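Student: Sharing a structure, written as structure tokens. Questions coming.
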Amino acid sequence: MAAQLRVIFALDYGEKGTPKQIYGYVEPLKIASNAKGRPDPVTNMYRLVRHLDAKKRRKGLFIRLENVWRFIELVPKFGKECPTSWTCANAVERASEFYLNCFVDLATYMEVYHS
């Protein structure tokens, strides 16, 4: 599962003040339904969309941070030109569709194309 990590937190601390378990709140992403499980023919990258509920709200999950396998690079997808209101700081938040940049490193590439 791919997801946007929103916050990291701990609920319970041990005797020495260290967290017993560290959790993350994530918003899941899924392969775009119009992609039919295949990479985009132009970019050769998979297209991901936010996983929404029936009311078009983002779904969210609490997970143990130890279950995060790796960080991935998402490239916000937009039309012919990027909206002028998007910046480096807010583009991932404002976008509803993304490309999974599987070319950012060898480990990601191998996991996506050779697993």
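Residues are named by chain letter and number: chains run A, B, ... in the order of the structure tokens, numbers start at 1 in each chain, and ligands are numbered from 1 in the order shown.
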Skipping near chain neighbours, those fewer than 4 positions away, what residues fall within 12 Å of range 18-21 of chain A using only C-alpha atoms, listed as a PDB file with N, CA, C and O atoms, in the first residue's frame?

Tutor:
ATOM      1  N   ILE A   8       3.271  11.525  12.922  1.00  0.00           N
ATOM      2  CA  ILE A   8       3.888  10.440  13.679  1.00  0.00           C
ATOM      3  C   ILE A   8       3.663  10.751  15.149  1.00  0.00           C
ATOM      4  O   ILE A   8       3.835  11.891  15.581  1.00  0.00           O
ATOM      5  N   PHE A   9       3.266   9.726  15.929  1.00  0.00           N
ATOM      6  CA  PHE A   9       2.978   9.968  17.342  1.00  0.00           C
ATOM      7  C   PHE A   9       3.174   8.693  18.152  1.00  0.00           C
ATOM      8  O   PHE A   9       3.276   7.599  17.601  1.00  0.00           O
ATOM      9  N   ALA A  10       3.224   8.840  19.470  1.00  0.00           N
ATOM     10  CA  ALA A  10       3.311   7.719  20.405  1.00  0.00           C
ATOM     11  C   ALA A  10       2.206   7.882  21.434  1.00  0.00           C
ATOM     12  O   ALA A  10       1.923   8.997  21.881  1.00  0.00           O
ATOM     13  N   LEU A  11       1.573   6.780  21.815  1.00  0.00           N
ATOM     14  CA  LEU A  11       0.492   6.829  22.796  1.00  0.00           C
ATOM     15  C   LEU A  11       0.952   6.456  24.199  1.00  0.00           C
ATOM     16  O   LEU A  11       0.409   6.927  25.175  1.00  0.00           O
ATOM     17  N   ASP A  12       1.944   5.601  24.285  1.00  0.00           N
ATOM     18  CA  ASP A  12       2.352   5.073  25.581  1.00  0.00           C
ATOM     19  C   ASP A  12       3.872   5.142  25.697  1.00  0.00           C
ATOM     20  O   ASP A  12       4.590   4.777  24.767  1.00  0.00           O
ATOM     21  N   TYR A  13       4.341   5.615  26.845  1.00  0.00           N
ATOM     22  CA  TYR A  13       5.777   5.727  27.069  1.00  0.00           C
ATOM     23  C   TYR A  13       6.213   4.758  28.151  1.00  0.00           C
ATOM     24  O   TYR A  13       5.478   4.495  29.096  1.00  0.00           O
ATOM     25  N   GLY A  14       7.421   4.233  27.998  1.00  0.00           N
ATOM     26  CA  GLY A  14       7.982   3.295  28.962  1.00  0.00           C
ATOM     27  C   GLY A  14       8.566   4.008  30.172  1.00  0.00           C
ATOM     28  O   GLY A  14       8.458   5.234  30.321  1.00  0.00           O
ATOM     29  N   ILE A  63      -1.307   3.292  11.632  1.00  0.00           N
ATOM     30  CA  ILE A  63      -0.442   2.133  11.450  1.00  0.00           C
ATOM     31  C   ILE A  63       0.748   2.238  12.398  1.00  0.00           C
ATOM     32  O   ILE A  63       1.103   3.330  12.848  1.00  0.00           O
ATOM     33  N   ARG A  64       1.354   1.110  12.689  1.00  0.00           N
ATOM     34  CA  ARG A  64       2.624   1.137  13.422  1.00  0.00           C
ATOM     35  C   ARG A  64       3.699   1.618  12.459  1.00  0.00           C
ATOM     36  O   ARG A  64       3.779   1.163  11.326  1.00  0.00           O
ATOM     37  N   LEU A  65       4.518   2.522  12.934  1.00  0.00           N
ATOM     38  CA  LEU A  65       5.544   3.081  12.067  1.00  0.00           C
ATOM     39  C   LEU A  65       6.542   2.014  11.612  1.00  0.00           C
ATOM     40  O   LEU A  65       7.121   2.131  10.535  1.00  0.00           O
ATOM     41  N   GLU A  66       6.702   0.967  12.400  1.00  0.00           N
ATOM     42  CA  GLU A  66       7.604  -0.117  11.996  1.00  0.00           C
ATOM     43  C   GLU A  66       7.113  -0.824  10.729  1.00  0.00           C
ATOM     44  O   GLU A  66       7.875  -1.523  10.073  1.00  0.00           O
ATOM     45  N   ASN A  67       5.847  -0.618  10.358  1.00  0.00           N
ATOM     46  CA  ASN A  67       5.308  -1.215   9.142  1.00  0.00           C
ATOM     47  C   ASN A  67       5.556  -0.372   7.894  1.00  0.00           C
ATOM     48  O   ASN A  67       5.185  -0.780   6.797  1.00  0.00           O
TER      49      ASN A  67
END

Student: DSSP on the backbone, then: every residue of range 1-112 of chain A marked helix (DSSP H, G or I), written as a list in words.

Tutor: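 Those in range 1-112 of chain A that DSSP calls helix (DSSP H, G or I) are Ser33, Asn34, Ala35, Leu65, Glu66, Asn67, Ala91, Val92, Glu93, Arg94, Leu106, Ala107, Thr108, Tyr109, Met110, Glu111 and Val112 of chain A.
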
Student: Now that the selection is made, can you save its residues with all heavy atoms as a short mmCIF file (atom, residue, chain, number, x, y, z; two decimals), in the first residue's frame?

Tutor:
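In the end it all went to part_23.cif:
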data_model
loop_
_atom_site.label_atom_id
_atom_site.label_comp_id
_atom_site.auth_asym_id
_atom_site.auth_seq_id
_atom_site.Cartn_x
_atom_site.Cartn_y
_atom_site.Cartn_z
N SER A 33 -8.03 3.89 -11.30
CA SER A 33 -8.85 2.86 -11.96
C SER A 33 -8.75 2.92 -13.47
O SER A 33 -8.80 1.90 -14.13
CB SER A 33 -10.31 2.99 -11.52
OG SER A 33 -10.81 4.26 -11.86
N ASN A 34 -8.56 4.11 -14.03
CA ASN A 34 -8.42 4.21 -15.48
C ASN A 34 -7.06 3.74 -15.98
O ASN A 34 -6.84 3.65 -17.18
CB ASN A 34 -8.73 5.62 -15.97
CG ASN A 34 -7.84 6.67 -15.33
OD1 ASN A 34 -7.08 6.38 -14.41
ND2 ASN A 34 -7.96 7.89 -15.81
N ALA A 35 -6.15 3.44 -15.07
CA ALA A 35 -4.82 2.94 -15.47
C ALA A 35 -4.84 1.45 -15.75
O ALA A 35 -3.90 0.91 -16.33
CB ALA A 35 -3.79 3.25 -14.39
N LEU A 65 4.52 2.52 12.93
CA LEU A 65 5.54 3.08 12.07
C LEU A 65 6.54 2.01 11.61
O LEU A 65 7.12 2.13 10.54
CB LEU A 65 6.26 4.24 12.76
CG LEU A 65 6.89 5.25 11.82
CD1 LEU A 65 5.87 5.89 10.90
CD2 LEU A 65 7.64 6.30 12.59
N GLU A 66 6.70 0.97 12.40
CA GLU A 66 7.60 -0.12 12.00
C GLU A 66 7.11 -0.82 10.73
O GLU A 66 7.88 -1.52 10.07
CB GLU A 66 7.77 -1.13 13.14
CG GLU A 66 6.51 -1.89 13.47
CD GLU A 66 6.60 -2.70 14.74
OE1 GLU A 66 7.33 -2.30 15.66
OE2 GLU A 66 5.94 -3.74 14.81
N ASN A 67 5.85 -0.62 10.36
CA ASN A 67 5.31 -1.21 9.14
C ASN A 67 5.56 -0.37 7.89
O ASN A 67 5.19 -0.78 6.80
CB ASN A 67 3.81 -1.49 9.30
CG ASN A 67 3.55 -2.58 10.30
OD1 ASN A 67 4.35 -3.49 10.47
ND2 ASN A 67 2.43 -2.48 11.00
N ALA A 91 1.76 21.29 -3.12
CA ALA A 91 1.31 20.56 -4.31
C ALA A 91 0.81 19.15 -3.99
O ALA A 91 -0.20 18.72 -4.53
CB ALA A 91 2.44 20.50 -5.35
N VAL A 92 1.49 18.44 -3.11
CA VAL A 92 1.05 17.08 -2.77
C VAL A 92 -0.30 17.13 -2.05
O VAL A 92 -1.15 16.27 -2.25
CB VAL A 92 2.11 16.34 -1.92
CG1 VAL A 92 1.57 15.03 -1.39
CG2 VAL A 92 3.35 16.09 -2.76
N GLU A 93 -0.51 18.14 -1.26
CA GLU A 93 -1.78 18.29 -0.55
C GLU A 93 -2.93 18.63 -1.49
O GLU A 93 -4.04 18.15 -1.35
CB GLU A 93 -1.64 19.37 0.53
CG GLU A 93 -2.78 19.44 1.48
CD GLU A 93 -3.03 18.14 2.22
OE1 GLU A 93 -2.07 17.43 2.58
OE2 GLU A 93 -4.21 17.84 2.44
N ARG A 94 -2.67 19.45 -2.48
CA ARG A 94 -3.72 19.92 -3.39
C ARG A 94 -4.01 18.95 -4.53
O ARG A 94 -5.10 18.96 -5.08
CB ARG A 94 -3.36 21.28 -3.95
CG ARG A 94 -3.36 22.34 -2.86
CD ARG A 94 -3.11 23.70 -3.40
NE ARG A 94 -3.21 24.66 -2.31
CZ ARG A 94 -3.35 25.94 -2.49
NH1 ARG A 94 -3.42 26.43 -3.70
NH2 ARG A 94 -3.43 26.74 -1.46
N LEU A 106 17.23 2.71 -7.35
CA LEU A 106 17.22 1.33 -7.84
C LEU A 106 16.27 0.44 -7.04
O LEU A 106 15.55 -0.38 -7.61
CB LEU A 106 18.63 0.75 -7.82
CG LEU A 106 18.77 -0.69 -8.33
CD1 LEU A 106 18.30 -0.82 -9.77
CD2 LEU A 106 20.20 -1.17 -8.18
N ALA A 107 16.24 0.61 -5.72
CA ALA A 107 15.38 -0.26 -4.89
C ALA A 107 13.91 -0.07 -5.23
O ALA A 107 13.16 -1.06 -5.34
CB ALA A 107 15.63 0.03 -3.41
N THR A 108 13.48 1.17 -5.43
CA THR A 108 12.08 1.42 -5.81
C THR A 108 11.79 0.83 -7.18
O THR A 108 10.77 0.19 -7.40
CB THR A 108 11.77 2.92 -5.79
OG1 THR A 108 12.05 3.44 -4.50
CG2 THR A 108 10.32 3.19 -6.15
N TYR A 109 12.68 1.05 -8.12
CA TYR A 109 12.50 0.51 -9.47
C TYR A 109 12.37 -1.01 -9.44
O TYR A 109 11.48 -1.58 -10.05
CB TYR A 109 13.68 0.93 -10.37
CG TYR A 109 13.59 0.35 -11.75
CD1 TYR A 109 12.80 0.97 -12.72
CD2 TYR A 109 14.27 -0.82 -12.09
CE1 TYR A 109 12.70 0.44 -13.99
CE2 TYR A 109 14.18 -1.35 -13.36
CZ TYR A 109 13.40 -0.73 -14.30
OH TYR A 109 13.29 -1.26 -15.56
N MET A 110 13.26 -1.67 -8.70
CA MET A 110 13.22 -3.13 -8.64
C MET A 110 11.92 -3.62 -7.99
O MET A 110 11.34 -4.59 -8.43
CB MET A 110 14.44 -3.65 -7.88
CG MET A 110 15.75 -3.40 -8.59
SD MET A 110 15.86 -4.14 -10.23
CE MET A 110 15.99 -5.86 -9.79
N GLU A 111 11.47 -2.93 -6.96
CA GLU A 111 10.23 -3.34 -6.27
C GLU A 111 9.02 -3.18 -7.17
O GLU A 111 8.14 -4.03 -7.21
CB GLU A 111 10.05 -2.54 -4.98
CG GLU A 111 8.86 -2.96 -4.17
CD GLU A 111 8.98 -4.37 -3.60
OE1 GLU A 111 10.09 -4.86 -3.37
OE2 GLU A 111 7.91 -4.99 -3.41
N VAL A 112 8.97 -2.09 -7.93
CA VAL A 112 7.81 -1.81 -8.78
C VAL A 112 7.80 -2.69 -10.02
O VAL A 112 6.77 -3.25 -10.38
CB VAL A 112 7.77 -0.31 -9.16
CG1 VAL A 112 6.73 -0.05 -10.23
CG2 VAL A 112 7.50 0.53 -7.93
#

Student: If you run DSSP over the backbone, which residues in chain A end up strand (DSSP E or B)? Put them as a PyMOL selection string.

Tutor: chain A and resi 2-10+13+19+22-31+46-50+52+58+61-64+74-76+97-100

Student: Only N, CA, C and O atoms, please: the residues just picked out, written as a short mmCIF file (atom, residue, chain, number, x, y, z; two decimals), in the first residue's frame.

Tutor:
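Written out: part_1.cif:
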data_model
loop_
_atom_site.label_atom_id
_atom_site.label_comp_id
_atom_site.auth_asym_id
_atom_site.auth_seq_id
_atom_site.Cartn_x
_atom_site.Cartn_y
_atom_site.Cartn_z
N ALA A 2 0.53 2.20 -0.81
CA ALA A 2 1.18 3.50 -0.80
C ALA A 2 0.28 4.45 -0.03
O ALA A 2 -0.95 4.34 -0.10
N ALA A 3 0.87 5.38 0.71
CA ALA A 3 0.08 6.31 1.50
C ALA A 3 0.86 7.58 1.77
O ALA A 3 2.09 7.58 1.74
N GLN A 4 0.12 8.65 2.05
CA GLN A 4 0.74 9.90 2.47
C GLN A 4 0.78 9.90 3.99
O GLN A 4 -0.25 9.79 4.65
N LEU A 5 1.97 10.01 4.55
CA LEU A 5 2.15 10.05 6.00
C LEU A 5 1.82 11.45 6.49
O LEU A 5 2.40 12.43 6.04
N ARG A 6 0.85 11.55 7.41
CA ARG A 6 0.40 12.84 7.89
C ARG A 6 1.01 13.24 9.23
O ARG A 6 1.33 14.39 9.45
N VAL A 7 1.13 12.28 10.14
CA VAL A 7 1.66 12.60 11.47
C VAL A 7 2.25 11.34 12.09
O VAL A 7 1.81 10.23 11.81
N ILE A 8 3.27 11.53 12.92
CA ILE A 8 3.89 10.44 13.68
C ILE A 8 3.66 10.75 15.15
O ILE A 8 3.83 11.89 15.58
N PHE A 9 3.27 9.73 15.93
CA PHE A 9 2.98 9.97 17.34
C PHE A 9 3.17 8.69 18.15
O PHE A 9 3.28 7.60 17.60
N ALA A 10 3.22 8.84 19.47
CA ALA A 10 3.31 7.72 20.40
C ALA A 10 2.21 7.88 21.43
O ALA A 10 1.92 9.00 21.88
N TYR A 13 4.34 5.62 26.84
CA TYR A 13 5.78 5.73 27.07
C TYR A 13 6.21 4.76 28.15
O TYR A 13 5.48 4.49 29.10
N PRO A 19 9.17 5.95 23.85
CA PRO A 19 7.89 5.39 23.39
C PRO A 19 7.94 3.87 23.29
O PRO A 19 8.92 3.30 22.83
N ILE A 22 5.52 3.46 18.24
CA ILE A 22 5.37 4.69 17.48
C ILE A 22 4.40 4.41 16.33
O ILE A 22 4.52 3.40 15.65
N TYR A 23 3.45 5.31 16.16
CA TYR A 23 2.40 5.13 15.16
C TYR A 23 2.44 6.25 14.14
O TYR A 23 3.03 7.31 14.36
N GLY A 24 1.77 6.02 13.03
CA GLY A 24 1.60 7.04 12.02
C GLY A 24 0.16 7.08 11.56
O GLY A 24 -0.52 6.05 11.55
N TYR A 25 -0.30 8.27 11.25
CA TYR A 25 -1.61 8.42 10.62
C TYR A 25 -1.34 8.64 9.15
O TYR A 25 -0.58 9.54 8.76
N VAL A 26 -1.91 7.80 8.29
CA VAL A 26 -1.65 7.86 6.86
C VAL A 26 -2.97 7.97 6.09
O VAL A 26 -4.02 7.54 6.56
N GLU A 27 -2.87 8.55 4.90
CA GLU A 27 -3.99 8.59 3.96
C GLU A 27 -3.60 7.75 2.75
O GLU A 27 -2.68 8.11 2.01
N PRO A 28 -4.26 6.60 2.56
CA PRO A 28 -3.87 5.66 1.51
C PRO A 28 -4.08 6.19 0.09
O PRO A 28 -4.96 7.01 -0.16
N LEU A 29 -3.26 5.67 -0.80
CA LEU A 29 -3.36 5.94 -2.23
C LEU A 29 -3.57 4.60 -2.93
O LEU A 29 -3.16 3.55 -2.41
N LYS A 30 -4.20 4.62 -4.08
CA LYS A 30 -4.39 3.39 -4.85
C LYS A 30 -4.11 3.68 -6.32
O LYS A 30 -4.12 4.83 -6.75
N ILE A 31 -3.88 2.62 -7.08
CA ILE A 31 -3.65 2.79 -8.51
C ILE A 31 -4.92 3.33 -9.15
O ILE A 31 -6.02 2.85 -8.86
N TYR A 46 3.43 4.57 -12.67
CA TYR A 46 2.07 4.26 -12.24
C TYR A 46 1.39 5.53 -11.75
O TYR A 46 2.01 6.37 -11.11
N ARG A 47 0.10 5.63 -12.04
CA ARG A 47 -0.69 6.76 -11.57
C ARG A 47 -1.44 6.33 -10.32
O ARG A 47 -2.09 5.29 -10.29
N LEU A 48 -1.35 7.14 -9.29
CA LEU A 48 -2.02 6.87 -8.02
C LEU A 48 -3.04 7.97 -7.74
O LEU A 48 -2.83 9.12 -8.11
N VAL A 49 -4.13 7.59 -7.06
CA VAL A 49 -5.14 8.55 -6.63
C VAL A 49 -5.39 8.34 -5.15
O VAL A 49 -5.10 7.27 -4.59
N ARG A 50 -5.95 9.34 -4.51
CA ARG A 50 -6.30 9.21 -3.10
C ARG A 50 -7.45 8.22 -2.95
O ARG A 50 -8.34 8.18 -3.78
N LEU A 52 -10.73 7.43 -1.43
CA LEU A 52 -11.80 8.25 -0.86
C LEU A 52 -12.96 7.37 -0.39
O LEU A 52 -13.18 6.28 -0.93
N ARG A 58 -11.17 11.89 2.15
CA ARG A 58 -9.98 11.03 2.21
C ARG A 58 -10.12 10.00 3.32
O ARG A 58 -10.54 10.32 4.42
N LEU A 61 -5.84 5.94 8.03
CA LEU A 61 -5.51 4.74 8.81
C LEU A 61 -4.45 5.08 9.84
O LEU A 61 -3.59 5.93 9.61
N PHE A 62 -4.50 4.37 10.96
CA PHE A 62 -3.42 4.42 11.94
C PHE A 62 -2.61 3.15 11.77
O PHE A 62 -3.17 2.05 11.75
N ILE A 63 -1.31 3.29 11.63
CA ILE A 63 -0.44 2.13 11.45
C ILE A 63 0.75 2.24 12.40
O ILE A 63 1.10 3.33 12.85
N ARG A 64 1.35 1.11 12.69
CA ARG A 64 2.62 1.14 13.42
C ARG A 64 3.70 1.62 12.46
O ARG A 64 3.78 1.16 11.33
N LEU A 74 6.40 10.98 -4.92
CA LEU A 74 5.19 11.20 -5.70
C LEU A 74 5.35 12.49 -6.49
O LEU A 74 5.83 13.49 -5.97
N VAL A 75 4.91 12.47 -7.74
CA VAL A 75 4.94 13.65 -8.59
C VAL A 75 3.49 14.04 -8.84
O VAL A 75 2.73 13.26 -9.44
N PRO A 76 3.05 15.19 -8.35
CA PRO A 76 1.66 15.60 -8.58
C PRO A 76 1.35 15.68 -10.07
O PRO A 76 2.14 16.21 -10.85
N GLU A 97 -4.25 13.37 -7.97
CA GLU A 97 -3.64 12.26 -8.71
C GLU A 97 -2.14 12.50 -8.79
O GLU A 97 -1.68 13.63 -8.86
N PHE A 98 -1.40 11.39 -8.78
CA PHE A 98 0.06 11.45 -8.73
C PHE A 98 0.69 10.41 -9.65
O PHE A 98 0.06 9.42 -10.00
N TYR A 99 1.93 10.64 -10.00
CA TYR A 99 2.77 9.62 -10.60
C TYR A 99 3.69 9.08 -9.52
O TYR A 99 4.25 9.86 -8.74
N LEU A 100 3.86 7.78 -9.46
CA LEU A 100 4.82 7.16 -8.56
C LEU A 100 6.16 7.16 -9.29
O LEU A 100 6.33 6.47 -10.29
#

Student: Could you check how far CA of His51 in chain A sits from CA of Ala32 in chain A, in Å to one decimal?

Tutor: 9.6 Å

Student: Grab the CA of Lys77 in chain A to CA of Val42 in chain A distance for me, in Å with one decimal place.

Tutor: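 Atom-to-atom, CA of Lys77 in chain A and CA of Val42 in chain A are spaced 12.7 Å apart.
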
Student: A:Asn90, A:Pro41, A:Ser85, A:Phe71: which is nearest Val104 in chain A, counting only C-alpha atoms?

Tutor: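 Looking only at the distances to Val104 in chain A, the closest residue turns out to be A:Phe71.
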
Student: Suppose you want the space between CA of Lys56 in chain A and CA of Phe78 in chain A; what is it in Å?

Tutor: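 Answer for the CA of Lys56 in chain A to CA of Phe78 in chain A separation: 19.3 Å.
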
Student: A:Gly79, A:Asn101, A:Met1, A:Lys16: which is nearest Asn44 in chain A, counting only C-alpha atoms?

Tutor: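 Among the listed residues, the smallest separation from Asn44 in chain A belongs to A:Asn101.
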